[in-house]
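Chemist: mmCIF, C-alpha atoms, file structure13.cif:
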```
data_my_file
#
loop_
_atom_site.label_atom_id
_atom_site.label_comp_id
_atom_site.auth_asym_id
_atom_site.auth_seq_id
_atom_site.Cartn_x
_atom_site.Cartn_y
_atom_site.Cartn_z
CA MET A 30 23.99 4.16 -19.67
CA ILE A 31 27.07 5.47 -21.53
CA ARG A 32 26.67 7.34 -24.81
CA LEU A 33 28.95 9.33 -27.10
CA LEU A 34 28.07 12.91 -27.94
CA HIS A 35 30.11 12.80 -31.20
CA PRO A 36 30.27 9.11 -32.23
CA GLU A 37 31.29 9.99 -35.79
CA ILE A 38 34.75 10.94 -34.50
CA LEU A 39 35.44 7.25 -33.82
CA TRP A 40 35.93 6.82 -37.60
CA LEU A 41 39.38 8.30 -36.98
CA LEU A 42 40.31 5.04 -35.29
CA ALA A 43 40.32 3.45 -38.75
CA ALA A 44 43.45 5.49 -39.56
CA LEU A 45 45.48 3.88 -36.77
CA PRO A 46 46.29 0.52 -38.46
CA PRO A 47 47.84 2.22 -41.56
CA LEU A 48 49.80 4.51 -39.22
CA ALA A 49 51.04 1.48 -37.29
CA LEU A 50 52.26 -0.16 -40.53
CA TRP A 51 53.97 3.01 -41.71
CA TRP A 52 55.69 3.69 -38.37
CA GLY A 53 56.83 0.05 -38.06
CA ARG A 54 58.08 -0.28 -41.68
CA ARG A 55 61.63 0.93 -41.05
CA GLY A 56 63.94 2.20 -38.37
CA ARG A 57 65.75 5.46 -38.03
CA ALA A 58 68.13 6.66 -40.70
CA ALA A 59 71.73 5.57 -40.15
CA THR A 60 74.10 8.25 -38.85
CA ILE A 61 77.43 6.37 -38.97
CA LEU A 62 79.72 6.88 -41.94
CA PHE A 63 80.90 3.78 -43.81
CA SER A 64 83.59 3.35 -46.40
CA SER A 65 81.09 1.82 -48.78
CA THR A 66 77.83 3.52 -49.73
CA ALA A 67 76.30 0.11 -50.42
CA VAL A 68 76.70 -0.84 -46.78
CA ALA A 69 75.20 2.49 -45.71
CA ARG A 70 72.28 2.00 -48.07
CA GLN A 71 71.64 -1.44 -46.61
CA ALA A 72 71.79 -0.09 -43.05
CA GLY A 73 69.38 2.75 -43.85
CA THR A 74 66.72 0.45 -45.29
CA ALA A 75 66.95 -2.24 -42.65
CA ARG A 76 63.65 -3.19 -41.05
CA GLN A 77 63.00 -1.99 -37.56
CA ALA A 78 63.97 -4.21 -34.66
CA ALA A 79 61.34 -5.74 -32.34
CA ALA A 80 62.12 -3.15 -29.67
CA GLY A 81 61.47 -0.36 -32.15
CA ARG A 82 58.14 -1.84 -33.16
CA LEU A 83 57.11 -2.05 -29.50
CA ALA A 84 57.89 1.66 -29.05
CA VAL A 85 55.05 2.48 -31.46
CA LEU A 86 52.37 0.85 -29.29
CA PRO A 87 52.12 3.57 -26.58
CA ARG A 88 51.87 6.18 -29.34
CA LEU A 89 49.02 4.30 -31.03
CA LEU A 90 47.27 3.77 -27.68
CA ALA A 91 47.59 7.47 -26.88
CA LEU A 92 46.04 8.44 -30.24
CA ALA A 93 43.19 5.95 -29.77
CA LEU A 94 42.40 7.31 -26.29
CA LEU A 95 42.51 10.92 -27.48
CA ILE A 96 40.07 10.08 -30.29
CA VAL A 97 37.71 8.49 -27.76
CA ALA A 98 37.98 11.63 -25.58
CA LEU A 99 37.06 13.81 -28.58
CA ALA A 100 33.93 11.66 -29.06
CA ARG A 101 32.74 12.93 -25.60
CA PRO A 102 31.60 9.85 -23.67
CA GLN A 103 28.83 10.70 -21.19
CA LEU A 104 27.09 8.83 -18.40
CA GLY A 105 23.32 9.21 -18.03
CA ARG A 106 19.93 8.30 -19.40
CA PRO A 107 18.68 9.44 -22.79
CA THR A 108 16.01 12.09 -23.16
CA GLN A 109 12.63 10.41 -23.39
CA GLU A 110 9.07 11.54 -23.99
CA VAL A 111 6.74 10.40 -21.24
CA SER A 112 3.11 11.00 -20.34
CA VAL A 113 2.96 12.94 -17.08
CA SER A 114 0.26 14.64 -15.07
CA GLY A 115 -0.59 18.23 -15.87
CA VAL A 116 -1.53 19.01 -12.26
CA ASP A 117 0.29 21.74 -10.31
CA ILE A 118 -0.29 21.32 -6.56
CA MET A 119 0.47 23.61 -3.62
CA LEU A 120 0.28 22.04 -0.16
CA ALA A 121 -0.65 24.49 2.61
CA VAL A 122 0.04 23.14 6.11
CA ASP A 123 -0.93 24.76 9.42
CA LEU A 124 2.03 25.00 11.86
CA SER A 125 0.27 26.91 14.66
CA GLY A 126 0.80 25.84 18.27
CA SER A 127 -2.38 23.76 18.37
CA MET A 128 -0.81 21.38 15.82
CA ARG A 129 1.23 19.98 18.74
CA ALA A 130 -1.90 18.21 20.02
CA LEU A 131 -1.38 14.47 20.55
CA ASP A 132 -4.65 13.16 19.16
CA PHE A 133 -3.19 11.21 16.20
CA LYS A 134 -1.00 8.11 16.09
CA LEU A 135 2.12 7.24 14.12
CA HIS A 136 3.39 3.64 14.00
CA GLY A 137 0.95 2.79 16.78
CA GLN A 138 2.24 5.49 19.15
CA PRO A 139 0.64 8.86 20.06
CA ALA A 140 2.06 11.61 17.86
CA ASN A 141 1.39 15.27 17.33
CA ARG A 142 -0.56 16.44 14.32
CA VAL A 143 2.45 17.97 12.55
CA GLU A 144 4.44 14.72 12.48
CA VAL A 145 1.46 12.73 11.23
CA VAL A 146 0.65 15.32 8.55
CA LYS A 147 4.27 15.30 7.34
CA SER A 148 4.22 11.50 7.09
CA VAL A 149 0.97 11.49 5.08
CA VAL A 150 2.06 14.41 2.87
CA LYS A 151 5.36 12.70 1.98
CA LYS A 152 3.44 9.58 0.95
CA PHE A 153 1.17 11.76 -1.20
CA ILE A 154 4.23 13.37 -2.84
CA ALA A 155 5.83 9.98 -3.51
CA GLU A 156 2.69 8.76 -5.29
CA ARG A 157 2.69 11.70 -7.73
CA PRO A 158 6.23 11.62 -9.21
CA ASP A 159 5.24 13.44 -12.40
CA ASP A 160 3.44 16.38 -10.77
CA ARG A 161 4.96 19.72 -9.91
CA ILE A 162 4.32 20.16 -6.19
CA GLY A 163 5.15 23.00 -3.83
CA ALA A 164 4.44 23.76 -0.17
CA VAL A 165 3.37 26.68 2.01
CA ALA A 166 3.47 26.68 5.83
CA PHE A 167 1.48 29.09 7.95
CA ALA A 168 0.70 30.17 11.48
CA ALA A 169 0.16 33.89 12.11
CA PHE A 170 1.99 34.44 8.81
CA ALA A 171 2.34 32.32 5.67
CA HIS A 172 5.69 31.56 4.06
CA LEU A 173 6.86 29.52 1.08
CA VAL A 174 8.49 26.22 2.02
CA SER A 175 9.11 25.10 -1.57
CA PRO A 176 8.14 26.45 -4.99
CA LEU A 177 6.56 24.12 -7.54
CA THR A 178 9.14 21.47 -8.36
CA LEU A 179 9.63 18.01 -9.84
CA ASP A 180 12.57 17.45 -7.49
CA HIS A 181 10.51 15.57 -4.94
CA ASP A 182 13.53 14.38 -2.93
CA TRP A 183 14.35 18.00 -2.15
CA LEU A 184 10.67 18.78 -1.50
CA GLU A 185 10.41 15.94 1.02
CA GLN A 186 13.48 17.27 2.82
CA ARG A 187 11.79 20.68 3.06
CA VAL A 188 8.60 19.07 4.39
CA ASP A 189 10.66 17.12 6.96
CA ALA A 190 12.09 20.39 8.25
CA MET A 191 8.64 21.87 9.00
CA SER A 192 7.76 22.22 12.70
CA THR A 193 5.79 24.47 14.99
CA ASP A 194 9.13 25.83 16.25
CA SER A 195 9.92 27.23 12.79
CA VAL A 196 7.21 29.93 13.02
CA GLN A 197 7.90 33.20 14.80
CA SER A 198 4.42 33.90 16.19
CA ASP A 199 1.34 31.82 16.89
CA GLY A 200 -2.00 32.20 15.16
CA THR A 201 -3.85 30.83 12.16
CA ALA A 202 -3.80 32.88 8.93
CA ILE A 203 -5.89 30.71 6.61
CA GLY A 204 -6.58 33.55 4.16
CA SER A 205 -2.88 34.46 3.91
CA ALA A 206 -1.98 30.81 3.30
CA ILE A 207 -4.43 30.54 0.40
CA ALA A 208 -3.30 33.87 -1.04
CA THR A 209 0.38 32.83 -0.87
CA ALA A 210 -0.36 29.52 -2.58
CA VAL A 211 -2.46 31.26 -5.26
CA ASN A 212 0.37 33.71 -5.90
CA HIS A 213 2.73 30.83 -6.71
CA LEU A 214 0.20 29.01 -8.90
CA ARG A 215 -1.00 31.88 -11.05
CA GLY A 216 0.50 32.00 -14.51
CA GLN A 217 1.58 28.35 -14.32
CA PRO A 218 0.91 26.21 -17.43
CA GLY A 219 -0.67 23.24 -15.64
CA LYS A 220 -4.02 22.08 -16.99
CA SER A 221 -5.21 21.79 -13.39
CA ARG A 222 -4.04 23.91 -10.46
CA VAL A 223 -4.87 22.76 -6.96
CA ILE A 224 -4.36 23.89 -3.37
CA ILE A 225 -4.68 21.35 -0.54
CA LEU A 226 -5.04 23.29 2.71
CA LEU A 227 -4.88 21.61 6.12
CA THR A 228 -5.67 23.41 9.36
CA ASP A 229 -6.85 22.58 12.86
CA GLY A 230 -8.19 25.99 13.88
CA VAL A 231 -10.03 29.20 13.12
CA ASN A 232 -8.72 32.08 11.04
CA ASN A 233 -7.53 34.68 13.56
CA ALA A 234 -4.55 36.34 11.87
CA GLY A 235 -3.43 37.78 8.56
CA ARG A 236 -4.70 40.67 6.45
CA VAL A 237 -6.58 38.57 3.90
CA SER A 238 -9.88 36.93 4.83
CA PRO A 239 -10.27 33.26 3.85
CA LEU A 240 -13.32 33.91 1.66
CA MET A 241 -11.62 36.80 -0.15
CA ALA A 242 -8.64 34.52 -0.86
CA ALA A 243 -11.07 31.84 -2.07
CA ASP A 244 -12.64 34.37 -4.49
CA LEU A 245 -9.18 35.12 -5.86
CA ALA A 246 -8.50 31.40 -6.34
CA ARG A 247 -11.84 30.90 -8.09
CA ALA A 248 -11.19 33.86 -10.44
CA LEU A 249 -7.90 32.26 -11.50
CA GLY A 250 -9.41 28.79 -11.94
CA ILE A 251 -7.59 27.32 -8.93
CA LYS A 252 -9.36 24.59 -6.96
CA VAL A 253 -8.98 24.48 -3.17
CA TYR A 254 -9.42 21.30 -1.13
CA THR A 255 -9.70 21.99 2.60
CA ILE A 256 -9.00 19.58 5.48
CA GLY A 257 -9.92 20.11 9.11
CA ALA A 258 -7.53 18.09 11.29
CA GLY A 259 -8.28 17.05 14.85
CA THR A 260 -10.53 14.88 16.97
CA ARG A 261 -13.97 16.14 17.91
CA GLY A 262 -14.36 17.60 21.37
CA GLU A 263 -11.04 17.72 23.21
CA ALA A 264 -7.43 16.76 22.49
CA ARG A 265 -4.38 16.33 24.75
CA MET A 266 -1.81 19.09 24.42
CA PRO A 267 1.77 18.94 25.81
CA ALA A 268 2.50 21.57 28.46
CA THR A 269 4.88 22.38 31.32
CA ASP A 270 3.47 22.52 34.85
CA ALA A 271 4.52 24.80 37.71
CA PHE A 272 7.31 22.38 38.68
CA GLY A 273 8.83 22.30 35.18
CA ARG A 274 7.48 18.85 34.38
CA GLN A 275 6.22 17.86 30.95
CA VAL A 276 2.52 17.01 31.13
CA THR A 277 -0.47 16.90 28.80
CA VAL A 278 -3.61 18.94 29.33
CA PRO A 279 -6.98 18.74 27.58
CA VAL A 280 -7.80 21.53 25.14
CA LYS A 281 -10.92 22.17 23.11
CA VAL A 282 -10.72 21.40 19.39
CA ASP A 283 -12.20 24.35 17.54
CA ILE A 284 -12.24 24.17 13.72
CA ASP A 285 -14.16 26.64 11.57
CA GLU A 286 -15.72 23.97 9.40
CA ASP A 287 -18.29 26.32 7.87
CA THR A 288 -15.59 28.60 6.44
CA LEU A 289 -13.58 25.64 5.18
CA ARG A 290 -16.68 24.27 3.43
CA GLN A 291 -17.35 27.65 1.81
CA ILE A 292 -13.76 27.92 0.57
CA ALA A 293 -13.96 24.47 -1.03
CA GLY A 294 -17.42 25.10 -2.45
CA GLN A 295 -16.50 28.45 -4.01
CA THR A 296 -13.50 27.01 -5.83
CA GLY A 297 -14.90 23.64 -6.93
CA GLY A 298 -12.99 21.68 -4.32
CA GLN A 299 -14.20 19.64 -1.36
CA TYR A 300 -14.01 19.82 2.43
CA TYR A 301 -12.83 16.86 4.55
CA ARG A 302 -12.57 16.23 8.27
CA ALA A 303 -9.65 14.13 9.52
CA THR A 304 -10.16 12.88 13.06
CA ASP A 305 -7.32 10.34 13.07
CA THR A 306 -4.32 9.19 11.07
CA ASP A 307 -6.24 6.72 8.92
CA SER A 308 -8.90 9.22 7.89
CA LEU A 309 -6.22 11.79 7.06
CA ALA A 310 -4.38 9.27 4.86
CA ASN A 311 -7.66 8.33 3.14
CA ILE A 312 -8.39 11.98 2.39
CA TYR A 313 -5.08 12.49 0.59
CA ASP A 314 -5.61 9.19 -1.25
CA GLU A 315 -9.02 10.36 -2.45
CA ILE A 316 -7.64 13.70 -3.64
CA ASN A 317 -4.84 11.80 -5.35
CA ARG A 318 -7.37 9.76 -7.33
CA MET A 319 -9.56 12.75 -8.18
CA GLU A 320 -6.84 15.07 -9.46
CA THR A 321 -5.33 13.22 -12.39
CA THR A 322 -4.87 14.33 -15.97
CA ALA A 323 -2.16 13.52 -18.51
CA ARG A 324 -0.11 15.44 -21.03
CA PRO A 325 3.02 14.47 -23.00
CA VAL A 326 6.15 16.32 -21.95
CA LYS A 327 9.86 15.70 -22.31
CA LYS A 328 11.83 14.71 -19.28
CA PHE A 329 15.55 15.58 -19.30
CA GLU A 330 18.26 13.86 -17.33
CA LEU A 331 21.62 15.38 -16.42
CA ARG A 332 24.67 13.67 -17.91
CA ALA A 333 28.11 13.31 -16.38
CA GLU A 334 31.06 13.98 -18.70
CA LEU A 335 33.59 11.12 -18.90
CA PHE A 336 35.93 12.44 -21.61
CA TYR A 337 38.64 13.40 -19.13
CA TRP A 338 39.34 9.75 -18.27
CA PRO A 339 40.47 8.68 -21.78
CA LEU A 340 42.14 12.10 -22.16
CA LEU A 341 44.27 11.60 -19.05
CA ALA A 342 45.04 8.00 -20.02
CA GLY A 343 46.05 9.14 -23.52
CA LEU A 344 48.37 11.82 -22.15
CA LEU A 345 49.91 9.26 -19.81
CA ALA A 346 50.51 6.83 -22.71
CA LEU A 347 52.08 9.63 -24.76
CA THR A 348 54.38 10.53 -21.87
CA LEU A 349 55.47 6.91 -21.52
CA GLU A 350 56.19 6.76 -25.28
CA LEU A 351 58.38 9.87 -25.11
CA LEU A 352 60.26 8.64 -22.03
CA GLY A 353 60.79 5.11 -23.30
CA THR A 354 61.65 5.76 -26.93
CA GLU A 355 65.39 6.20 -26.36
CA ILE A 356 65.51 3.01 -24.28
CA LEU A 357 63.59 0.84 -26.72
CA ARG A 358 65.03 2.32 -29.92
CA ARG A 359 68.71 3.02 -29.23
CA ARG A 360 71.07 3.54 -32.13
CA LEU A 361 73.68 0.87 -32.32
CA PRO A 362 77.33 2.03 -32.74
#
```
What would you get if you wrote out this structure as structure tokens?
Modeler:
Amino acid sequence: MIRLLHPEILWLLAALPPLALWWGRRGRAATILFSSTAVARQAGTARQAAAGRLAVLPRLLALALLIVALARPQLGRPTQEVSVSGVDIMLAVDLSGSMRALDFKLHGQPANRVEVVKSVVKKFIAERPDDRIGAVAFAAFAHLVSPLTLDHDWLEQRVDAMSTDSVQSDGTAIGSAIATAVNHLRGQPGKSRVIILLTDGVNNAGRVSPLMAADLARALGIKVYTIGAGTRGEARMPATDAFGRQVTVPVKVDIDEDTLRQIAGQTGGQYYRATDTDSLANIYDEINRMETTARPVKKFELRAELFYWPLLAGLLALTLELLGTEILRRRLP
């Protein structure tokens, strides 16, 4: 959509027709001496030739284009008031080594937990376009992947970049992950502030205990949903054997469900267990339905300035008028 920032300036275009009549009314004053002043008078008041009238057109076009440039044409959408969700959400995702287990499926093929979680999380983000969402990743340490943002395209790119290779040391710091997410949610104006934490292990790293972090979240009115990811019993884990071959080995799935339940219970959230891709997707769908509230806010769109196009065209027309005036309006001897 194209709009003008100063549309009132276009009233100046109304002055162009009178200018065209005035410029085309007569030609240049005569410069040749005659023996009779009557002849000179007649030559001086002669109407302009067709070539002279044509010379005025580039000048008029240049003025019209410059007036349009002053009106500041812009490309974009107008500011509009919309009803959007007042929920601020931080996603906390475990990236410890055990998340490489191949007990989930993606597009019908075995896939590690990280890839499946990223696919489900991106779908969750896409279904909440009016929420501010951020992300925290954790293993032995927790780090911010994205602050709260409405730029979900950028957020999905950041989620895509998450992998177990991006963490420097292995471990599972659940308490640190919650504390980091709480730190980025506190003081935010959202009517509802939520943390969705997914892990497949037991807290064994970090300086903050999970229950202490949950107390902090509860004190600030932040709700924590917890998800335990992984099949029950054993899962296949990729490994390298003594001959350098890639193989899979069975490993025990050990999730501290009691602690995750306590975290959710203390903060008013809920604990879920995801044993496969479908159950994980259903969990995020359920949280999506539960955490919805509305508030009117104004959404702003960036506008691209277009004034330089008529400005350049006007300057070009003016240049052509200056270069062609002597050719189209020559004085006759």
Chemist: Skip segment 285-294 of chain A itself and residues of its chain fewer than 2 positions away, then list as a ChimeraX atom specification all residues within 9 Å of it, counting all atoms listed in the file.
Modeler: /A:229-232,239-240,242-244,252-257,283,296-302
Chemist: Please indicate the distance in Å from atom CA of Val145 of chain A to atom CA of Val237 of chain A, rounded to one decimal place.
Modeler: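 Here the two named atoms are 28.0 Å from each other.
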Chemist: Written as a count of residues only, which residues does the PyMOL selection byres ((chain A and resi 184) around 9) give for the file shown?
Modeler: 19
Chemist: Given the choices A:Ala44, A:Leu33, A:Leu245, A:Ala303, which gets closest to Arg261 of chain A if the distance is worked out from only C-alpha atoms?
Modeler: A:Ala303
Chemist: Return the single residue from A:Ala93, A:Ser148, A:Leu131, A:Ala171 that is closest to Pro279 of chain A, with distances computed using all atoms listed in the file.
Modeler: A:Leu131
Chemist: Which one is closest to Arg215 of chain A: A:Ala140, A:Arg247, A:Asp194, A:Trp338? Count only C-alpha atoms.
Modeler: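 So, comparing all the options, the nearest one is A:Arg247.
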